[in-house]
Amino acid sequence: MEIKRLFDILTEQVSKQPDVQSISGKTNGQWVHYTFKQVSDTANRVSQLMLNLGLKKDDKIAIIAANCPEWNFVDLGSQQIGLINVPMYPTIAEKDYEFIFNDAGIQYAFVGDEIIYNKVRPLLGRVPTLKGIYTIAKVNGAQSFWDSLPALTAVNIAEIEKKKDAVSENDLATIIYTSGTTGNPKGVMLTHLNMVSNINSVKQVTPFAEGVSSLSFLPLCHSFERIVVFSYLSMAVHVHYAENLETIGENLKEVHPYCFSTVPRLLEKVYEKIMEKGNALEGFKKKLFFWSIDLGAQYKLGEDQGPWYNLRLGIARKLVFSKWKEALGGNVEFICTGAAAMQPRLIKLFTAAGVQVIEGYGLTETSPVLCTNRMDEKERCMGSVGMPIPGVTIKIADDGEILAKGPNIMKGYYNRPDLTAEVIDSEGWFHTGDIGIWEERFGNKFLKITDRKKELFKTSGGKYVAPSPIENKMKESPYIEQIMIVGDSKKFVSALLVPSFLNLKDWAKDNGVEAASHPQIVDNSKIKALINAEVERLNKDFGKWEQIKKFTLLTEEWTVDAGELTPTMKVKRKVILEKYNKHVEEMYAGEHHEVG
């Protein structure tokens, strides 16, 4: 059958392989598995519940929950009767929930647990359209999702099929509100066609294999993971949902995934843990570990480096890098990463270790994938986001902005035709807001993101500075965890810098430095000198006007919960500038560490 709407994926799999396991989640510490038939049956029960509630085509429901099979049941059950699912992060502020619920006109909300329920419940009195809330976990005094579902025998299949037939590929499947780094969230309207076209394109360039397992832990409310999971379902890849971010390591060993998607920050943390273990080794084992790291750093994508290098790499893979693969479940063929830039040196190391890291690029507004690197090393370029996927056209505007066109481009921003007109021009080109260039390698053209258009700033000397390349370069230091470049309308560039406390504790121990707590680490003169040397070393890649002249070391890592990062781990520059304004002012008053 031709798949035109998202729920057609489920219909097709039920007709072909109803008893194959498709989705699994953990309940009370035990894996609970659902076949395609069971997923379909439960989605139909959800559809019936929603019809019983009086919901009609194009009405909006919300889902706010951590990844779990129930998330998919609500998503598929609402879509197949023509409802529009508005997913939200469980971590956003109550005021953002209120704005989105009112803007979208949410009628019913399906929430994960008591914490989310308590954030959403006050909206019953403040959002005129909101009629009820269902909880996936049992919550005292709340309507239970599972207890409210009609029995399978009470499902009117004929009516549901009739509702399915009325859903067109051009109908809205979802409205995803972008977290954004400033202002109110914007509702991105995505049709079935937008998302299905993206799934079909992704499948053509990503080596998903039928019958293998995957682990999912990026939020399903984010367009990237949602498309990835739909791609898994369409290829009969068995999806397992991690219990939470803390259990990923344990879940990887249980599931032995063939593939998974992630954001660079999580892979950076995996690398930091590996390095921590390496530093704790002694004698020959420690020498072997760092010999392998040095060898991996010399790896060149798509190039044969000769029998001597290949022999040594084979030894390193067997004795050292095999343990990296074991930590990722032992069966990983590739990892998809997006949402932010991945350090090329880490991609190089993971690839040398036999773990293929496939970096891609897209936005919520583009359903989301625009470009991706491929598995063939000659179709990959480190530091780039790859080549456009089939069906997508990319061009660079005269001012350097990346423009995109294709069937995956959103219908527009909900209730905001003015904002839609700002980003989709009269010829149908979507203006991404990112600045980019093309780079040629092995006869292929790869897209490189050089910065965000809105993040470019000008020093008081009139020189333009792009923060992202500087920040990404600085994070190549093992002692720099997070960094934000500042200097708009100032005489020089400076930085707010969160050091890698994990690596600095090891360094302090090895160098006889007394520094255990975070304040002790940032106040230690020897550690400041070490960071200074790192900044000075990495500064050399940039023009004099772009180089960091001063920096401030901060004692706390920036987090999503504290509102300093978006849920996809992007730095909220405005929030951080406001929070650390005193430090910034002091740097320009000459009171903070000067590089050099």
# chains A, B, ... in the order shown; residues from 1 in each chain; ligands from 1
>>> residues_around(residues="Leu76 of chain A", least_positions_apart="6", cutoff="10 Å", atoms="only C-alpha atoms", output="ChimeraX atom specification")
/A:6-8,10,39-40,42-44,46-47,70,83,85,173
>>> write_last_selection(atoms="N, CA and C atoms", output="mmCIF file, in the first residue's frame")
data_model
loop_
_atom_site.group_PDB
_atom_site.id
_atom_site.type_symbol
_atom_site.label_atom_id
_atom_site.label_comp_id
_atom_site.auth_asym_id
_atom_site.auth_seq_id
_atom_site.Cartn_x
_atom_site.Cartn_y
_atom_site.Cartn_z
ATOM 1 N N LEU A 6 0.693 9.254 8.376
ATOM 2 C CA LEU A 6 1.578 8.585 9.340
ATOM 3 C C LEU A 6 1.017 7.255 9.828
ATOM 4 N N PHE A 7 -0.276 7.217 10.085
ATOM 5 C CA PHE A 7 -0.856 5.975 10.628
ATOM 6 C C PHE A 7 -0.923 4.858 9.596
ATOM 7 N N ASP A 8 -0.724 5.194 8.313
ATOM 8 C CA ASP A 8 -0.661 4.145 7.279
ATOM 9 C C ASP A 8 0.514 3.197 7.531
ATOM 10 N N LEU A 10 1.447 1.993 10.375
ATOM 11 C CA LEU A 10 0.961 0.943 11.276
ATOM 12 C C LEU A 10 0.043 -0.020 10.524
ATOM 13 N N VAL A 39 -0.232 -2.825 19.170
ATOM 14 C CA VAL A 39 -0.159 -1.358 19.049
ATOM 15 C C VAL A 39 -1.406 -0.845 18.326
ATOM 16 N N SER A 40 -1.784 -1.520 17.255
ATOM 17 C CA SER A 40 -2.960 -1.114 16.480
ATOM 18 C C SER A 40 -4.239 -1.212 17.306
ATOM 19 N N THR A 42 -4.539 -1.091 20.543
ATOM 20 C CA THR A 42 -4.563 -0.069 21.601
ATOM 21 C C THR A 42 -4.816 1.317 21.006
ATOM 22 N N ALA A 43 -4.229 1.596 19.826
ATOM 23 C CA ALA A 43 -4.487 2.884 19.158
ATOM 24 C C ALA A 43 -5.973 3.020 18.828
ATOM 25 N N ASN A 44 -6.605 1.918 18.424
ATOM 26 C CA ASN A 44 -8.047 1.943 18.134
ATOM 27 C C ASN A 44 -8.856 2.217 19.391
ATOM 28 N N VAL A 46 -7.809 3.984 21.873
ATOM 29 C CA VAL A 46 -7.604 5.418 22.130
ATOM 30 C C VAL A 46 -8.528 6.242 21.218
ATOM 31 N N SER A 47 -8.609 5.852 19.943
ATOM 32 C CA SER A 47 -9.500 6.556 19.003
ATOM 33 C C SER A 47 -10.939 6.531 19.506
ATOM 34 N N GLU A 70 2.813 4.312 25.561
ATOM 35 C CA GLU A 70 1.548 5.055 25.619
ATOM 36 C C GLU A 70 1.609 6.337 24.785
ATOM 37 N N LEU A 83 -7.520 14.017 14.475
ATOM 38 C CA LEU A 83 -7.192 15.017 15.502
ATOM 39 C C LEU A 83 -5.760 15.511 15.285
ATOM 40 N N ASN A 85 -2.315 16.360 17.198
ATOM 41 C CA ASN A 85 -1.594 16.132 18.447
ATOM 42 C C ASN A 85 -0.591 17.267 18.668
ATOM 43 N N ALA A 173 -1.016 16.898 10.961
ATOM 44 C CA ALA A 173 -0.828 15.745 11.852
ATOM 45 C C ALA A 173 -0.478 16.231 13.249
#
>>> select_by_dssp(residues="segment 307-481 of chain A", states="alpha helix (DSSP H)", output="PyMOL selection string")
chain A and resi 307-316+322-327+344-352+417-423+467-474
>>> closest_atom_pairs(of="segment 290-368 of chain A", to="segment 400-416 of chain A", cutoff="10 Å", atoms="only C-alpha atoms", output="tab-separated table")
residue	atom	partner	partner_atom	distance
A:Gly362	CA	A:Ala404	CA	9.9
A:Leu363	CA	A:Ile409	CA	9.5
A:Thr364	CA	A:Met410	CA	8.3
A:Glu365	CA	A:Met410	CA	5.2
A:Thr366	CA	A:Ile409	CA	4.6
A:Ser367	CA	A:Asn408	CA	5.5
A:Pro368	CA	A:Asn408	CA	7.5
>>> write_last_selection(atoms="N, CA and C atoms", output="PDB file, in the first residue's frame")
ATOM      1  N   GLY A 362      18.655  19.720  10.569  1.00  0.00           N
ATOM      2  CA  GLY A 362      17.288  20.065  10.202  1.00  0.00           C
ATOM      3  C   GLY A 362      16.670  20.946  11.268  1.00  0.00           C
ATOM      4  N   LEU A 363      15.434  21.336  11.049  1.00  0.00           N
ATOM      5  CA  LEU A 363      14.709  22.178  11.999  1.00  0.00           C
ATOM      6  C   LEU A 363      13.308  21.609  12.162  1.00  0.00           C
ATOM      7  N   THR A 364      12.651  21.959  13.242  1.00  0.00           N
ATOM      8  CA  THR A 364      11.263  21.534  13.438  1.00  0.00           C
ATOM      9  C   THR A 364      10.440  21.913  12.209  1.00  0.00           C
ATOM     10  N   GLU A 365      10.707  23.100  11.675  1.00  0.00           N
ATOM     11  CA  GLU A 365       9.953  23.620  10.530  1.00  0.00           C
ATOM     12  C   GLU A 365      10.157  22.816   9.248  1.00  0.00           C
ATOM     13  N   THR A 366      11.180  21.928   9.246  1.00  0.00           N
ATOM     14  CA  THR A 366      11.469  21.141   8.036  1.00  0.00           C
ATOM     15  C   THR A 366      11.224  19.655   8.268  1.00  0.00           C
ATOM     16  N   SER A 367      10.494  19.336   9.296  1.00  0.00           N
ATOM     17  CA  SER A 367       9.919  17.994   9.576  1.00  0.00           C
ATOM     18  C   SER A 367      10.829  16.840  10.012  1.00  0.00           C
ATOM     19  N   PRO A 368      12.034  16.857  10.392  1.00  0.00           N
ATOM     20  CA  PRO A 368      12.942  17.991  10.464  1.00  0.00           C
ATOM     21  C   PRO A 368      14.151  17.875   9.543  1.00  0.00           C
TER      22      PRO A 368
END
>>> residues_around(residues="segment 277-282 of chain A", least_positions_apart="6", cutoff="8 Å", atoms="only C-alpha atoms", output="list in words")
Phe289, Phe290 and Asp506 of chain A
>>> write_last_selection(atoms="N, CA and C atoms", output="mmCIF file, in the first residue's frame")
data_model
loop_
_atom_site.group_PDB
_atom_site.id
_atom_site.type_symbol
_atom_site.label_atom_id
_atom_site.label_comp_id
_atom_site.auth_asym_id
_atom_site.auth_seq_id
_atom_site.Cartn_x
_atom_site.Cartn_y
_atom_site.Cartn_z
ATOM 1 N N PHE A 289 45.962 2.342 26.426
ATOM 2 C CA PHE A 289 44.755 3.145 26.261
ATOM 3 C C PHE A 289 45.084 4.430 25.493
ATOM 4 N N PHE A 290 46.079 5.178 25.940
ATOM 5 C CA PHE A 290 46.383 6.461 25.301
ATOM 6 C C PHE A 290 47.086 6.290 23.954
ATOM 7 N N ASP A 506 40.745 15.084 37.986
ATOM 8 C CA ASP A 506 41.822 14.131 37.652
ATOM 9 C C ASP A 506 43.148 14.865 37.471
#
>>> closest_residue(among="A:Lys572, A:Lys505, A:Lys540, A:Lys323", to="Glu276 of chain A", atoms="only C-alpha atoms")
A:Lys505
>>> atom_distance(atom1="atom CA of Asp113 of chain A", atom2="atom CA of Pro87 of chain A")
15.1 Å
>>> residues_around(residues="Trp308 of chain A", least_positions_apart="6", cutoff="12 Å", atoms="only C-alpha atoms", output="list of chain:residue names")
A:Leu295, A:Gly314, A:Ile315
>>> closest_residue(among="A:Arg537, A:Arg380, A:Lys57, A:Arg452", to="Glu440 of chain A", atoms="only C-alpha atoms")
A:Arg380
>>> residues_around(residues="Asn244 of chain A", least_positions_apart="4", cutoff="10 Å", atoms="only C-alpha atoms", output="PyMOL selection string")
chain A and resi 66-67+216-218+248+251
>>> write_last_selection(atoms="C-alpha atoms", output="PDB file, in the first residue's frame")
ATOM      1  CA  ALA A  66       8.498  10.923  28.893  1.00  0.00           C
ATOM      2  CA  ASN A  67       9.036   8.398  26.081  1.00  0.00           C
ATOM      3  CA  SER A 216      15.096   5.678  22.098  1.00  0.00           C
ATOM      4  CA  PHE A 217      15.771   8.332  24.726  1.00  0.00           C
ATOM      5  CA  LEU A 218      15.605  11.715  22.985  1.00  0.00           C
ATOM      6  CA  ILE A 248      20.785   4.817  29.339  1.00  0.00           C
ATOM      7  CA  ASN A 251      19.449   0.016  28.969  1.00  0.00           C
TER       8      ASN A 251
END
>>> closest_residue(among="A:Ala209, A:Ile136, A:Met88, A:Ile293", to="Ser148 of chain A", atoms="only C-alpha atoms")
A:Ile136
>>> residues_around(residues="Asn140 of chain A", least_positions_apart="5", cutoff="12 Å", atoms="only C-alpha atoms", output="list of chain:residue names")
A:Asp113, A:Glu114, A:Ile115, A:Tyr117, A:Asn118, A:Tyr134, A:Thr135
>>> write_last_selection(atoms="N, CA and C atoms", output="short mmCIF file (atom, residue, chain, number, x, y, z; two decimals), in the first residue's frame")
data_model
loop_
_atom_site.label_atom_id
_atom_site.label_comp_id
_atom_site.auth_asym_id
_atom_site.auth_seq_id
_atom_site.Cartn_x
_atom_site.Cartn_y
_atom_site.Cartn_z
N ASP A 113 2.85 11.68 34.45
CA ASP A 113 2.90 11.32 35.88
C ASP A 113 2.35 12.46 36.75
N GLU A 114 2.51 12.27 38.05
CA GLU A 114 1.94 13.22 39.01
C GLU A 114 2.59 14.60 38.92
N ILE A 115 3.90 14.63 38.68
CA ILE A 115 4.60 15.92 38.60
C ILE A 115 4.02 16.76 37.46
N TYR A 117 1.13 16.26 35.95
CA TYR A 117 -0.30 16.49 36.24
C TYR A 117 -0.48 17.73 37.13
N ASN A 118 0.38 17.86 38.14
CA ASN A 118 0.26 19.01 39.05
C ASN A 118 0.61 20.33 38.38
N TYR A 134 -5.89 13.21 31.41
CA TYR A 134 -5.70 11.78 31.69
C TYR A 134 -4.24 11.53 32.02
N THR A 135 -3.99 10.69 33.02
CA THR A 135 -2.60 10.39 33.40
C THR A 135 -2.23 8.96 33.03
#
>>> closest_residue(among="A:Gly187, A:Lys26, A:Thr153, A:Glu514", to="Phe101 of chain A", atoms="only C-alpha atoms")
A:Gly187
>>> closest_residue(among="A:Ser223, A:Gln204, A:Gln520, A:Thr247", to="Met375 of chain A", atoms="only C-alpha atoms")
A:Gln204
>>> residues_around(residues="Gly360 of chain A", least_positions_apart="6", cutoff="8 Å", atoms="only C-alpha atoms", output="number ranges by chain")
A: 336-338, 369-373, 385-386
>>> write_last_selection(atoms="N, CA and C atoms", output="PDB file, in the first residue's frame")
ATOM      1  N   CYS A 336      22.909   8.204  15.023  1.00  0.00           N
ATOM      2  CA  CYS A 336      22.516   9.459  14.353  1.00  0.00           C
ATOM      3  C   CYS A 336      22.584  10.587  15.368  1.00  0.00           C
ATOM      4  N   THR A 337      23.199  11.688  14.988  1.00  0.00           N
ATOM      5  CA  THR A 337      23.261  12.820  15.911  1.00  0.00           C
ATOM      6  C   THR A 337      22.846  14.107  15.199  1.00  0.00           C
ATOM      7  N   GLY A 338      22.185  14.967  15.947  1.00  0.00           N
ATOM      8  CA  GLY A 338      21.718  16.235  15.381  1.00  0.00           C
ATOM      9  C   GLY A 338      21.435  17.226  16.488  1.00  0.00           C
ATOM     10  N   VAL A 369      14.426  16.692   8.958  1.00  0.00           N
ATOM     11  CA  VAL A 369      15.747  16.461   8.351  1.00  0.00           C
ATOM     12  C   VAL A 369      15.888  17.162   6.999  1.00  0.00           C
ATOM     13  N   LEU A 370      16.998  17.886   6.843  1.00  0.00           N
ATOM     14  CA  LEU A 370      17.356  18.513   5.565  1.00  0.00           C
ATOM     15  C   LEU A 370      18.568  17.836   4.942  1.00  0.00           C
ATOM     16  N   CYS A 371      19.575  17.579   5.764  1.00  0.00           N
ATOM     17  CA  CYS A 371      20.836  17.002   5.289  1.00  0.00           C
ATOM     18  C   CYS A 371      21.317  15.933   6.254  1.00  0.00           C
ATOM     19  N   THR A 372      22.107  15.009   5.745  1.00  0.00           N
ATOM     20  CA  THR A 372      22.772  14.048   6.623  1.00  0.00           C
ATOM     21  C   THR A 372      23.985  13.463   5.924  1.00  0.00           C
ATOM     22  N   ASN A 373      24.978  13.099   6.736  1.00  0.00           N
ATOM     23  CA  ASN A 373      26.093  12.322   6.220  1.00  0.00           C
ATOM     24  C   ASN A 373      25.603  10.896   5.987  1.00  0.00           C
ATOM     25  N   VAL A 385      27.315  18.812   8.020  1.00  0.00           N
ATOM     26  CA  VAL A 385      26.058  18.130   8.353  1.00  0.00           C
ATOM     27  C   VAL A 385      25.614  17.229   7.203  1.00  0.00           C
ATOM     28  N   GLY A 386      26.536  17.025   6.236  1.00  0.00           N
ATOM     29  CA  GLY A 386      26.263  16.082   5.165  1.00  0.00           C
ATOM     30  C   GLY A 386      25.672  16.706   3.917  1.00  0.00           C
TER      31      GLY A 386
END
>>> decode(residues="segment 171-205 of chain A", atoms="N, CA and C atoms", output="PDB file, in the first residue's frame")
ATOM      1  N   ASP A 171      -3.696  17.190   5.501  1.00  0.00           N
ATOM      2  CA  ASP A 171      -4.219  17.601   6.812  1.00  0.00           C
ATOM      3  C   ASP A 171      -3.078  17.700   7.823  1.00  0.00           C
ATOM      4  N   LEU A 172      -3.280  18.539   8.834  1.00  0.00           N
ATOM      5  CA  LEU A 172      -2.279  18.655   9.889  1.00  0.00           C
ATOM      6  C   LEU A 172      -2.231  17.373  10.716  1.00  0.00           C
ATOM      7  N   ALA A 173      -1.016  16.898  10.961  1.00  0.00           N
ATOM      8  CA  ALA A 173      -0.828  15.745  11.852  1.00  0.00           C
ATOM      9  C   ALA A 173      -0.478  16.231  13.249  1.00  0.00           C
ATOM     10  N   THR A 174       0.221  17.367  13.301  1.00  0.00           N
ATOM     11  CA  THR A 174       0.727  17.826  14.601  1.00  0.00           C
ATOM     12  C   THR A 174       1.032  19.311  14.544  1.00  0.00           C
ATOM     13  N   ILE A 175       1.025  19.928  15.706  1.00  0.00           N
ATOM     14  CA  ILE A 175       1.573  21.279  15.867  1.00  0.00           C
ATOM     15  C   ILE A 175       2.642  21.158  16.942  1.00  0.00           C
ATOM     16  N   ILE A 176       3.880  21.454  16.573  1.00  0.00           N
ATOM     17  CA  ILE A 176       4.984  21.351  17.533  1.00  0.00           C
ATOM     18  C   ILE A 176       5.439  22.762  17.872  1.00  0.00           C
ATOM     19  N   TYR A 177       5.360  23.096  19.141  1.00  0.00           N
ATOM     20  CA  TYR A 177       5.778  24.428  19.577  1.00  0.00           C
ATOM     21  C   TYR A 177       7.279  24.418  19.842  1.00  0.00           C
ATOM     22  N   THR A 178       7.982  25.282  19.104  1.00  0.00           N
ATOM     23  CA  THR A 178       9.436  25.326  19.262  1.00  0.00           C
ATOM     24  C   THR A 178       9.772  26.024  20.567  1.00  0.00           C
ATOM     25  N   SER A 179      10.724  25.456  21.270  1.00  0.00           N
ATOM     26  CA  SER A 179      11.087  26.001  22.584  1.00  0.00           C
ATOM     27  C   SER A 179      11.659  27.405  22.425  1.00  0.00           C
ATOM     28  N   GLY A 180      12.457  27.593  21.371  1.00  0.00           N
ATOM     29  CA  GLY A 180      12.986  28.934  21.107  1.00  0.00           C
ATOM     30  C   GLY A 180      13.899  29.439  22.211  1.00  0.00           C
ATOM     31  N   THR A 181      14.781  30.357  21.866  1.00  0.00           N
ATOM     32  CA  THR A 181      15.668  30.928  22.883  1.00  0.00           C
ATOM     33  C   THR A 181      15.168  32.295  23.338  1.00  0.00           C
ATOM     34  N   THR A 182      14.145  32.817  22.675  1.00  0.00           N
ATOM     35  CA  THR A 182      13.556  34.107  23.081  1.00  0.00           C
ATOM     36  C   THR A 182      12.054  34.085  22.804  1.00  0.00           C
ATOM     37  N   GLY A 183      11.290  34.867  23.572  1.00  0.00           N
ATOM     38  CA  GLY A 183       9.866  35.078  23.299  1.00  0.00           C
ATOM     39  C   GLY A 183       8.996  33.855  23.497  1.00  0.00           C
ATOM     40  N   ASN A 184       7.708  33.998  23.121  1.00  0.00           N
ATOM     41  CA  ASN A 184       6.754  32.897  23.251  1.00  0.00           C
ATOM     42  C   ASN A 184       7.052  31.804  22.227  1.00  0.00           C
ATOM     43  N   PRO A 185       6.714  30.542  22.561  1.00  0.00           N
ATOM     44  CA  PRO A 185       6.909  29.456  21.591  1.00  0.00           C
ATOM     45  C   PRO A 185       6.046  29.685  20.351  1.00  0.00           C
ATOM     46  N   LYS A 186       6.538  29.173  19.204  1.00  0.00           N
ATOM     47  CA  LYS A 186       5.792  29.272  17.946  1.00  0.00           C
ATOM     48  C   LYS A 186       5.315  27.882  17.559  1.00  0.00           C
ATOM     49  N   GLY A 187       4.046  27.780  17.138  1.00  0.00           N
ATOM     50  CA  GLY A 187       3.464  26.488  16.781  1.00  0.00           C
ATOM     51  C   GLY A 187       3.742  26.128  15.329  1.00  0.00           C
ATOM     52  N   VAL A 188       4.600  25.134  15.125  1.00  0.00           N
ATOM     53  CA  VAL A 188       4.951  24.700  13.768  1.00  0.00           C
ATOM     54  C   VAL A 188       3.909  23.690  13.289  1.00  0.00           C
ATOM     55  N   MET A 189       3.214  24.027  12.191  1.00  0.00           N
ATOM     56  CA  MET A 189       2.167  23.153  11.655  1.00  0.00           C
ATOM     57  C   MET A 189       2.781  22.177  10.642  1.00  0.00           C
ATOM     58  N   LEU A 190       2.721  20.888  10.954  1.00  0.00           N
ATOM     59  CA  LEU A 190       3.252  19.863  10.053  1.00  0.00           C
ATOM     60  C   LEU A 190       2.127  18.948   9.590  1.00  0.00           C
ATOM     61  N   THR A 191       2.044  18.749   8.281  1.00  0.00           N
ATOM     62  CA  THR A 191       1.023  17.872   7.707  1.00  0.00           C
ATOM     63  C   THR A 191       1.547  16.427   7.661  1.00  0.00           C
ATOM     64  N   HIS A 192       0.642  15.509   7.371  1.00  0.00           N
ATOM     65  CA  HIS A 192       1.052  14.112   7.166  1.00  0.00           C
ATOM     66  C   HIS A 192       2.062  14.033   6.020  1.00  0.00           C
ATOM     67  N   LEU A 193       1.807  14.784   4.943  1.00  0.00           N
ATOM     68  CA  LEU A 193       2.713  14.784   3.793  1.00  0.00           C
ATOM     69  C   LEU A 193       4.107  15.259   4.191  1.00  0.00           C
ATOM     70  N   ASN A 194       4.172  16.354   4.975  1.00  0.00           N
ATOM     71  CA  ASN A 194       5.466  16.864   5.431  1.00  0.00           C
ATOM     72  C   ASN A 194       6.291  15.752   6.080  1.00  0.00           C
ATOM     73  N   MET A 195       5.670  15.051   7.028  1.00  0.00           N
ATOM     74  CA  MET A 195       6.394  14.076   7.837  1.00  0.00           C
ATOM     75  C   MET A 195       6.653  12.768   7.087  1.00  0.00           C
ATOM     76  N   VAL A 196       5.664  12.305   6.320  1.00  0.00           N
ATOM     77  CA  VAL A 196       5.837  11.056   5.563  1.00  0.00           C
ATOM     78  C   VAL A 196       6.933  11.226   4.505  1.00  0.00           C
ATOM     79  N   SER A 197       6.964  12.389   3.851  1.00  0.00           N
ATOM     80  CA  SER A 197       8.009  12.615   2.840  1.00  0.00           C
ATOM     81  C   SER A 197       9.384  12.558   3.493  1.00  0.00           C
ATOM     82  N   ASN A 198       9.483  13.096   4.705  1.00  0.00           N
ATOM     83  CA  ASN A 198      10.770  13.090   5.404  1.00  0.00           C
ATOM     84  C   ASN A 198      11.185  11.678   5.818  1.00  0.00           C
ATOM     85  N   ILE A 199      10.221  10.889   6.275  1.00  0.00           N
ATOM     86  CA  ILE A 199      10.499   9.488   6.650  1.00  0.00           C
ATOM     87  C   ILE A 199      11.012   8.722   5.426  1.00  0.00           C
ATOM     88  N   ASN A 200      10.319   8.880   4.299  1.00  0.00           N
ATOM     89  CA  ASN A 200      10.723   8.162   3.078  1.00  0.00           C
ATOM     90  C   ASN A 200      12.134   8.554   2.634  1.00  0.00           C
ATOM     91  N   SER A 201      12.457   9.843   2.753  1.00  0.00           N
ATOM     92  CA  SER A 201      13.797  10.307   2.363  1.00  0.00           C
ATOM     93  C   SER A 201      14.867   9.791   3.319  1.00  0.00           C
ATOM     94  N   VAL A 202      14.576   9.848   4.617  1.00  0.00           N
ATOM     95  CA  VAL A 202      15.536   9.381   5.635  1.00  0.00           C
ATOM     96  C   VAL A 202      15.841   7.896   5.445  1.00  0.00           C
ATOM     97  N   LYS A 203      14.797   7.125   5.145  1.00  0.00           N
ATOM     98  CA  LYS A 203      14.984   5.675   4.959  1.00  0.00           C
ATOM     99  C   LYS A 203      15.906   5.356   3.779  1.00  0.00           C
ATOM    100  N   GLN A 204      15.888   6.222   2.762  1.00  0.00           N
ATOM    101  CA  GLN A 204      16.723   5.977   1.576  1.00  0.00           C
ATOM    102  C   GLN A 204      18.213   6.152   1.862  1.00  0.00           C
ATOM    103  N   VAL A 205      18.543   6.950   2.876  1.00  0.00           N
ATOM    104  CA  VAL A 205      19.968   7.265   3.108  1.00  0.00           C
ATOM    105  C   VAL A 205      20.491   6.764   4.452  1.00  0.00           C
TER     106      VAL A 205
END
